[in-house]
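Student: Shown below is the structure under consideration.
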4 protein chains.
Amino acid sequence: MIFERFKSKVVSHLSYFIGSDTEALVVDPRRDCHVYINKAQLENMSIKYIFETHRNEDYVIGSLELAQLTGAEIYHCPWPDFKYGNKLKDGQEFYVGKLKVTTIHTPGHTPGCVSYAVADLASGEEAVLVCTGDALFVNDVGRSDFGGLEKRREWSENLYNSIFNKLLPLGDYVILCPAHGSGSVCGGNIAEREWSTLGLERLMNPLLQLSKEQFVEQKVNEHQEYAPYFRLMEKYNLEGAPFIGAGPKPIALSPKAFQEYVDEGALVIDIRTPIAFNNAHIKGSFNIPQERLSKAGWVIPYNEPILLIVNTKADLDYTAISLARIGYDNIIGYLGKGLSSWLKAGKPKESSGSLSVHELKEKIVAGEKLILLDVRSQDEWEKGYIAGSRRIYVGLLEKRLQEVPTRSPVVIICKSGNRSSLAASILLRDGRKNIFNLLGGITAWQNAGYKIVK
Amino acid sequence: MIFERFKSKVVSHLSYFIGSDTEALVVDPRRDCHVYINKAQLENMSIKYIFETHRNEDYVIGSLELAQLTGAEIYHCPWPDFKYGNKLKDGQEFYVGKLKVTTIHTPGHTPGCVSYAVADLASGEEAVLVCTGDALFVNDVGRSDFGGLEKRREWSENLYNSIFNKLLPLGDYVILCPAHGSGSVCGGNIAEREWSTLGLERLMNPLLQLSKEQFVEQKVNEHQEYAPYFRLMEKYNLEGAPFIGAGPKPIALSPKAFQEYVDEGALVIDIRTPIAFNNAHIKGSFNIPQERLSKAGWVIPYNEPILLIVNTKADLDYTAISLARIGYDNIIGYLGKGLSSWLKAGKPKESSGSLSVHELKEKIVAGEKLILLDVRSQDEWEKGYIAGSRRIYVGLLEKRLQEVPTRSPVVIICKSGNRSSLAASILLRDGRKNIFNLLGGITAWQNAGYKIVK
Amino acid sequence: MIFERFKSKVVSHLSYFIGSDTEALVVDPRRDCHVYINKAQLENMSIKYIFETHRNEDYVIGSLELAQLTGAEIYHCPWPDFKYGNKLKDGQEFYVGKLKVTTIHTPGHTPGCVSYAVADLASGEEAVLVCTGDALFVNDVGRSDFGGLEKRREWSENLYNSIFNKLLPLGDYVILCPAHGSGSVCGGNIAEREWSTLGLERLMNPLLQLSKEQFVEQKVNEHQEYAPYFRLMEKYNLEGAPFIGAGPKPIALSPKAFQEYVDEGALVIDIRTPIAFNNAHIKGSFNIPQERLSKAGWVIPYNEPILLIVNTKADLDYTAISLARIGYDNIIGYLGKGLSSWLKAGKPKESSGSLSVHELKEKIVAGEKLILLDVRSQDEWEKGYIAGSRRIYVGLLEKRLQEVPTRSPVVIICKSGNRSSLAASILLRDGRKNIFNLLGGITAWQNAGYKIVK
Amino acid sequence: MIFERFKSKVVSHLSYFIGSDTEALVVDPRRDCHVYINKAQLENMSIKYIFETHRNEDYVIGSLELAQLTGAEIYHCPWPDFKYGNKLKDGQEFYVGKLKVTTIHTPGHTPGCVSYAVADLASGEEAVLVCTGDALFVNDVGRSDFGGLEKRREWSENLYNSIFNKLLPLGDYVILCPAHGSGSVCGGNIAEREWSTLGLERLMNPLLQLSKEQFVEQKVNEHQEYAPYFRLMEKYNLEGAPFIGAGPKPIALSPKAFQEYVDEGALVIDIRTPIAFNNAHIKGSFNIPQERLSKAGWVIPYNEPILLIVNTKADLDYTAISLARIGYDNIIGYLGKGLSSWLKAGKPKESSGSLSVHELKEKIVAGEKLILLDVRSQDEWEKGYIAGSRRIYVGLLEKRLQEVPTRSPVVIICKSGNRSSLAASILLRDGRKNIFNLLGGITAWQNAGYKIVK
């Protein structure tokens, strides 16, 4: 049995290539699907099946393009009514080389969620691993809020049942293969560790230590954001997204050409670090630092041309493919040689401020009038914040700009300084002045020994 | 000025990326054109122009796909009447960053051949390099036989005039950038050295030492082969070939699946070395050793499914893209884990014989009855052959099989043992027995101190 | 927690990089240890500890060079008396970022074997994985024969106790990280699947289904080979091997230069496939096909200069580093452009025969006089062989040459045709004629439907 | 003939691998010399000779380590008295495959400078290319100031004679292969274009348009800097530098460990862009932006431990090897995850200011008191500067700190904003406040349409 996990950083998506003898299967392929074909060629295997765990909402699935390139068959659950692929039955079995794959209906995250237990018949009938999609993660479980308020309790109960009655009974010894790792919006407490087993989760996953009532109560009361870009993902993943072939190929633009596109209304995504962005950037650009690229889904529309500001070719490649993975096919180019070419061309820069936590502390102690704007999620906020802050989630800021007073300097705060820089760029786009990004965020604040309140 | 030469080994095709400041041009792009886009991104340049030196006949040009991906404009000569791109005028000038490109009509190889002289205005007006297409190579000149017998003299004269009246006058100091390197069918005596200048050619190129009369006489009397696949290339390059996106992705096949395709009539190309092929191969397969892949154009039809036998993933990638470069889009798969998987599956092998030059010599000395079949080109043959051989060019052997007697063992001879192994496989496909490949070919024969006759 | 498994194919050696926050540990590093440093740099971690599971005997461990490059501390068990590093105590605990590593003395394979259980304190106290060295593999257990006949029962009992009383009690849910994968001489039945858990082994590992008595009996009666090269490995791993820096850099040799080294007594290792080797090779060379490079340890002395025959640069790199991993630092060069350059230079070839299983069957049916020589291990032999064969293990053949009769053709048989080709080359070196390699080996024989006897 | 140019960006050093048949030569190898061995293996060639053009002063030459790894012979001129290698005679000839290499004594840059003319005997006796070391560059000629004031005229005359009487007579058609490209301190006006011929230089190189008198006058009056690190390079290149094997392997450090080293006196090199550095950096660090790494040779001593601040693994690799190429073997580590980890750890930042050219213009127009400090070289300065500036070369600033007034804000100016940021960091290290870096430098100033004076 060959096993490889592929991680797509932008949404912390995990997909799997599993093979035996001359055959292989892929679970939840990403949109740029040549990696699986390369792996299949390296292993001298042909991809026989593509299994989807559910209609994903946070990234574009690559099943259809992969199937077209390989002749593999796609399978997913009857819910929702997919426009491509084959419908599964609960308990349906598939054979891939010496592997036996058993379908397990594990609703909760959505009604159509499926897990796939894989046994290696070369050793025996026991399941070696299980691909659980968004049902069970390392240290967390899937969201149950996509059905809306009225279905939340029912879906949470389903999730509990799926985990406790369908997954855990497979055995402590089964290796867990979830669809997301740490950093995903699909589970805020997913562990950084990507390796686990059902037994380890049974013993250590905080949610699996709860009674059914406690579990459901906690899930019903979670606060999670629904990014507006999810809607396109859902449509793409229901119907099949446009193929991307060799992937996006943004074109280098001179400062002059770049300026012309900006003047015509193209949106600028600047993926540099907040430290650099705060000091000098092109007026009107969004700062979406590389580590937080998925936040594009909150602020960047799909029908506008996009321009990029990056540092290196590696950044460019990463950014272009990451945006493609969340459906952005409208990148037209990037600023050749980055922002320094802009400055060397004699073009103007805009700056915002940035503060270290010590500088902020001094200002607070000195009694300076400041608006402290925390842009983290509600769940993060509830774990503690800097006294005197107010909260607007970064993804909602553009629509709630009027709630941010203009009378005093604004200091923006998030966990480590990335989302706050996006928030700063949103305020700057509104023409605000005196905007400061807190470098290092609340993490730095606490590491410096300053207090938070709850 | 940025300059990079790209070599496509299969037909020894040379293409060029030349850039300055934020702009670049590409001359004669290959079909898998992402290399130029990557280079442009690395250099932070946008490709502004794609220049074709002529309607190529030995590989598929990638201009149209490259233009579609980059927005570059394509230019070529008015002859023939291309279905895409823009028509040039002789002497037309283009500016790319600080470069000035001047079009020079250099007919001879075809009536529509164009050269492009590039000056770097940052230094001055002198041409730094010239892209000569198939007019002038290092140590050789282009073919003048594509117009047929009746036009050969005229085209040869044109070629002489183009070289002596258009190219050499640019100056001894101009760097030569031809469209082909050593190993191309477009010039049998191209030097292995890829770097030269007009002055070096003026002084050392054997054909440029001749008078006009001698030059034309020599060109008119050359013998060159016209591979049947050229016809498709010409059509593709006139109209624009199908796009290949991320390139071909052959699928690994188990021995069983491979056998089924073979039984249905798929053609097998085995790219292993003759040493391996001769000892064990699948009955019916063609041996087209990796170094001689372009010979596929003589024997493999475009409308049949193709299967590959390769040793490694690197071989697979090279073979698949090389065949795509000469228009083969019908590769369906390859034998996973190579021929050893076939043998381990208990399937039968076929063998042919192979001889070292010493073994052949012994047999000749011993008076064994042998048919010595030389499969090289007429020009190679005229430089010397093993006494007693007869000649049929490898590319024509399939049609002239009846000329090869069956009464005695056949020893096949070429320059180094690769084309002879293809010829051996063609005879084996005809059901012949007692076929021997001369390992190392006539090169080995001479290095061993044995005599040739002329 | 970051986790990466590194596989060194030559001896199927598995090593592990495990990190957390800014720190990492490496278990059983391979000799060319830069991979761990690169990984550490990618993860922005510093390697704090190097843990050895035991004094390895089948490859050169890279602990000392890795420690010198990184400042990491080396730990191993008090047995044997290592000349470098620190001595462990049973139960000793280490902290690496948020990880807790607990030492478990698990003797049996050797008295000094140690396992390392790793807990991720970010989630809880349960062990997430355990590095078991040569105590427990996927589907197999370690050898217990290195103490010699008199200690074999005791060591087997120790192994049983280590597995059942020390490892399995850690919990079914613990991920298994052994020191070897499929293909290792340290366990003949290791599964191809590299992922398992203690629970899966408890349920499916054939040896763990036995009673203690049965287990010990089986281990005591196993037949395993002790390769002569183990002795150097043991010395190196006790004292620390010479450093290899950037690794071996064999030099390309012309046929002439190659010949000169051969004439001076250098040994030739030809790593091509048996199919190619059998047809043409340099007289006197050993055929050690790439998949079976570790067999060099049986036949190639450490004090002689070595020459290589390879097909490609990738082969060269793989062969050179693989030989370095088993202690060969005496490679002086390789034949540039491979065997075809030898043949083109007009130099002589030697051939041996090769047979498909069908050809062998026909000869047997026809009553041809043949000596069938099976060169597999005793354990493989006992599972079945071709009627009429006799057995000499490939590694012992050179010393037992006189046992192979010379009166009839010899057909050599192994599992799939690789070791038999090495055996053929050994017989050829002895001047034998009429040596045939069975292509595809007994695997092909059985797949073709022919019978074996036991 | 195989030809490959290798560029080491840090000092714009060009080296050459040239081969034919089975042999090759290397001219002026860089310190990390495995690239040549890899190339030799790819081409199946053995490196027979290593030729040095002169005792280099701006980088560490890798001849000795390369010779040790390959067995190649090293050759250089009798001056100075090298402690390794063989002494050349003027006109000495070497044969490498079908190449003939002729030594030409071309003094001027130093008395011992040698050029190597390479003919490809496969085509004829004409020189195809000439490696000119620091005698002749594309668009410029070598420095003649290393002999001190008293020898400058004589060396300049020698240089003129070498170019006009030794090199140009080789023929217009000879390809020029100099030792440096654009960006080298060895020639301030070297063209960006790396390809040229002797004829192109004869016609377009500004210095070759002068009479001998004019040439010598211009060379005698040039102003060029002598970096203090040259002294170590000279020593290393005379005696042979320490070997670097697989190259430097800096270790990731946590903020805490990094701080400890800083506290113990380690020097911090921060290679990020000025935009980022100006906004936030660790107090006491030098900003040596990646494009200007060779400036380390002015300010970083060789006997102090060095710490790095980089953004990515690619940056780290580039920086570490680039510093090794100019002799820095004392890098102990780098800040893991870069400056953001420092900030997240709650550690303090220091900032300096940065201004766009428009912001500077406004301040000047508004009559703000500013000290304009230009840190370019004298030759750059003489081409024009911002009115009111004074000049101290960046490399000398540390020793001339007292010349920079403290009463007003200081705006530092260079060509494009990199060296000025290094200068800013030097002033900050001195405890200065109100230091501003002019982003985009005088290039931006001019592109914005603002005036300069001369």
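Chain lettering (A, B, ...) mirrors the order of the structure tokens, residue numbering begins at 1 for each chain separately, and ligand numbering begins at 1 in order of display.
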Find the residues of stretch 99-206 of chain B that sit at most 12 Å from stretch 1-4 of chain B; for each, write down the nearest two atoms and how far apart they are in Å, to one decimal. Count only C-alpha atoms. Sort by chain, then by number going up, and give it as a tab-separated table.
Tutor:
```
residue	atom	partner	partner_atom	distance
B:Leu99	CA	B:Met1	CA	7.7
B:Lys100	CA	B:Met1	CA	11.1
B:Val118	CA	B:Met1	CA	10.2
B:Ala119	CA	B:Met1	CA	9.7
B:Asp120	CA	B:Met1	CA	7.0
B:Leu121	CA	B:Met1	CA	9.7
B:Ala122	CA	B:Met1	CA	8.7
B:Ser123	CA	B:Met1	CA	10.2
B:Val128	CA	B:Met1	CA	10.2
B:Leu129	CA	B:Phe3	CA	10.0
B:Cys131	CA	B:Phe3	CA	11.9
B:Ile175	CA	B:Phe3	CA	11.5
B:Cys177	CA	B:Glu4	CA	10.5
```
Student: Give me a file of those residues, with all heavy atoms, as a compact mmCIF listing (two decimals), in the first residue's frame.
Tutor:
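Listing of again25.txt after writing:
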```txt
# COMPACT_ATOMS: atom_id res chain seq x y z
N LEU B 99 16.04 46.84 -27.25
CA LEU B 99 16.48 46.08 -28.42
C LEU B 99 15.79 46.57 -29.68
O LEU B 99 14.62 46.95 -29.64
CB LEU B 99 16.18 44.59 -28.24
CG LEU B 99 16.68 43.93 -26.97
CD1 LEU B 99 16.25 42.48 -26.93
CD2 LEU B 99 18.19 44.05 -26.86
N LYS B 100 16.51 46.51 -30.77
CA LYS B 100 15.91 46.74 -32.08
C LYS B 100 16.05 45.47 -32.88
O LYS B 100 17.15 44.93 -33.03
CB LYS B 100 16.60 47.89 -32.80
CG LYS B 100 15.91 48.23 -34.13
CD LYS B 100 16.46 49.48 -34.76
CE LYS B 100 17.66 49.13 -35.65
NZ LYS B 100 18.13 50.29 -36.42
N VAL B 118 19.29 41.32 -34.16
CA VAL B 118 18.95 42.00 -32.91
C VAL B 118 20.09 42.90 -32.48
O VAL B 118 21.22 42.43 -32.28
CB VAL B 118 18.63 40.97 -31.81
CG1 VAL B 118 18.31 41.68 -30.50
CG2 VAL B 118 17.48 40.06 -32.23
N ALA B 119 19.81 44.19 -32.35
CA ALA B 119 20.79 45.13 -31.83
C ALA B 119 20.41 45.53 -30.41
O ALA B 119 19.22 45.59 -30.08
CB ALA B 119 20.85 46.38 -32.72
N ASP B 120 21.42 45.77 -29.61
CA ASP B 120 21.19 46.21 -28.23
C ASP B 120 21.49 47.71 -28.18
O ASP B 120 22.65 48.11 -28.08
CB ASP B 120 22.13 45.43 -27.30
CG ASP B 120 22.02 45.88 -25.86
OD1 ASP B 120 21.13 46.70 -25.56
OD2 ASP B 120 22.83 45.40 -25.04
N LEU B 121 20.45 48.50 -28.27
CA LEU B 121 20.65 49.95 -28.37
C LEU B 121 21.32 50.53 -27.14
O LEU B 121 21.84 51.65 -27.17
CB LEU B 121 19.32 50.65 -28.65
CG LEU B 121 18.60 50.17 -29.93
CD1 LEU B 121 17.29 50.92 -30.12
CD2 LEU B 121 19.50 50.36 -31.16
N ALA B 122 21.33 49.78 -26.05
CA ALA B 122 22.06 50.25 -24.86
C ALA B 122 23.54 50.40 -25.17
O ALA B 122 24.23 51.21 -24.56
CB ALA B 122 21.85 49.27 -23.70
N SER B 123 24.03 49.60 -26.11
CA SER B 123 25.44 49.69 -26.48
C SER B 123 25.66 50.40 -27.81
O SER B 123 26.68 51.04 -28.02
CB SER B 123 26.06 48.30 -26.58
OG SER B 123 26.04 47.66 -25.33
N VAL B 128 23.91 42.46 -32.54
CA VAL B 128 24.64 41.61 -31.61
C VAL B 128 24.48 40.15 -32.00
O VAL B 128 25.41 39.36 -31.94
CB VAL B 128 24.14 41.85 -30.17
CG1 VAL B 128 24.67 40.78 -29.22
CG2 VAL B 128 24.54 43.23 -29.70
N LEU B 129 23.29 39.80 -32.42
CA LEU B 129 23.04 38.42 -32.82
C LEU B 129 22.04 38.40 -33.94
O LEU B 129 21.31 39.38 -34.17
CB LEU B 129 22.55 37.60 -31.62
CG LEU B 129 21.27 38.06 -30.94
CD1 LEU B 129 20.05 37.44 -31.61
CD2 LEU B 129 21.31 37.66 -29.47
N CYS B 131 19.11 35.64 -35.63
CA CYS B 131 18.42 34.35 -35.64
C CYS B 131 18.20 33.98 -37.10
O CYS B 131 17.44 34.66 -37.81
CB CYS B 131 17.10 34.45 -34.91
SG CYS B 131 17.31 34.80 -33.17
N ILE B 175 26.69 37.26 -33.42
CA ILE B 175 26.52 35.91 -32.88
C ILE B 175 25.43 35.19 -33.67
O ILE B 175 24.36 35.76 -33.91
CB ILE B 175 26.21 35.97 -31.37
CG1 ILE B 175 27.41 36.55 -30.63
CG2 ILE B 175 25.84 34.60 -30.84
CD1 ILE B 175 27.16 36.87 -29.16
N CYS B 177 22.54 32.52 -34.30
CA CYS B 177 21.50 31.80 -33.56
C CYS B 177 20.62 31.02 -34.53
O CYS B 177 19.54 31.50 -34.92
CB CYS B 177 20.67 32.79 -32.76
SG CYS B 177 21.62 33.71 -31.56
```
Student: Could you give me, as number ranges by chain, each residue of stretch 241-278 of chain C that DSSP assigns to strand (DSSP E or B) when run on this structure's backbone?
Tutor: C: 251-253, 267-270
Student: Using only C-alpha atoms, what does the table of chain D residues within 10 Å of chain B look like, with each row giving the shortest atom pair and its distance in Å to one decimal, sorted by chain and ascending number, as CSV?
Tutor:
```
residue,atom,partner,partner_atom,distance
D:Met1,CA,B:Arg193,CA,4.4
D:Ile2,CA,B:Arg193,CA,6.3
D:Phe3,CA,B:Trp195,CA,8.0
D:Gly19,CA,B:Arg193,CA,9.8
D:Ser20,CA,B:Arg193,CA,8.8
D:Asp21,CA,B:Glu192,CA,9.9
D:Asp120,CA,B:Arg193,CA,8.1
D:Ala122,CA,B:Ala191,CA,8.0
D:Ser123,CA,B:Met204,CA,6.1
D:Gly124,CA,B:Met204,CA,6.1
D:Glu125,CA,B:Met204,CA,8.6
D:Glu126,CA,B:Leu200,CA,7.3
D:Ala127,CA,B:Leu200,CA,8.5
D:Val128,CA,B:Ser196,CA,6.8
D:Leu129,CA,B:Ser196,CA,8.7
D:Val138,CA,B:Ser123,CA,9.3
D:Asn139,CA,B:Ser123,CA,7.3
D:Gly171,CA,B:Gly199,CA,8.5
D:Asp172,CA,B:Tyr173,CA,5.1
D:Tyr173,CA,B:Tyr173,CA,4.4
D:Val174,CA,B:Tyr173,CA,7.2
D:Ile175,CA,B:Thr197,CA,7.6
D:Ala191,CA,B:Ser123,CA,7.7
D:Glu192,CA,B:Met1,CA,6.0
D:Arg193,CA,B:Met1,CA,4.4
D:Glu194,CA,B:Met1,CA,7.4
D:Trp195,CA,B:Phe3,CA,8.0
D:Ser196,CA,B:Val128,CA,6.9
D:Thr197,CA,B:Tyr173,CA,5.7
D:Leu198,CA,B:Tyr173,CA,6.9
D:Gly199,CA,B:Tyr173,CA,4.8
D:Leu200,CA,B:Tyr173,CA,5.8
D:Glu201,CA,B:Tyr173,CA,9.1
D:Arg202,CA,B:Tyr173,CA,9.5
D:Leu203,CA,B:Glu126,CA,8.0
D:Met204,CA,B:Ser123,CA,6.1
D:Asn205,CA,B:Ser123,CA,7.4
D:Pro206,CA,B:Ser123,CA,8.7
```
Student: Where in stretch 185-381 of chain A does DSSP assign alpha helix (DSSP H), given as a VMD selection string?
Tutor: chain A and resid 198 to 204 212 to 221 230 to 239 255 to 263 274 to 279 296 to 299 313 to 325 338 to 344 357 to 365 378 to 381
Student: Please list as a PyMOL selection string every residue within 12 Å of B:Asn237, counting only C-alpha atoms and excluding residues in the same chain fewer than 3 positions away.
Tutor: chain B and resi 28-31+52-65+76+80-85+230-234+240-242+325-327
Student: When you look at stretch 381-383 of chain A with a cut-off of 9 Å (counting only C-alpha atoms), what residues show up, excluding the ones that are within fewer than 5 positions of it in the same chain? I need them as a list in words.
Tutor: Asp374, Val375, Arg376, Arg391, Val453 and Lys454 of chain A
Student: Between A:Asn221, A:Glu368, A:Glu304, A:Leu439, which is the closest to D:Trp342 once you count only C-alpha atoms?
Tutor: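 Looking only at the distances to D:Trp342, the closest residue turns out to be A:Leu439.
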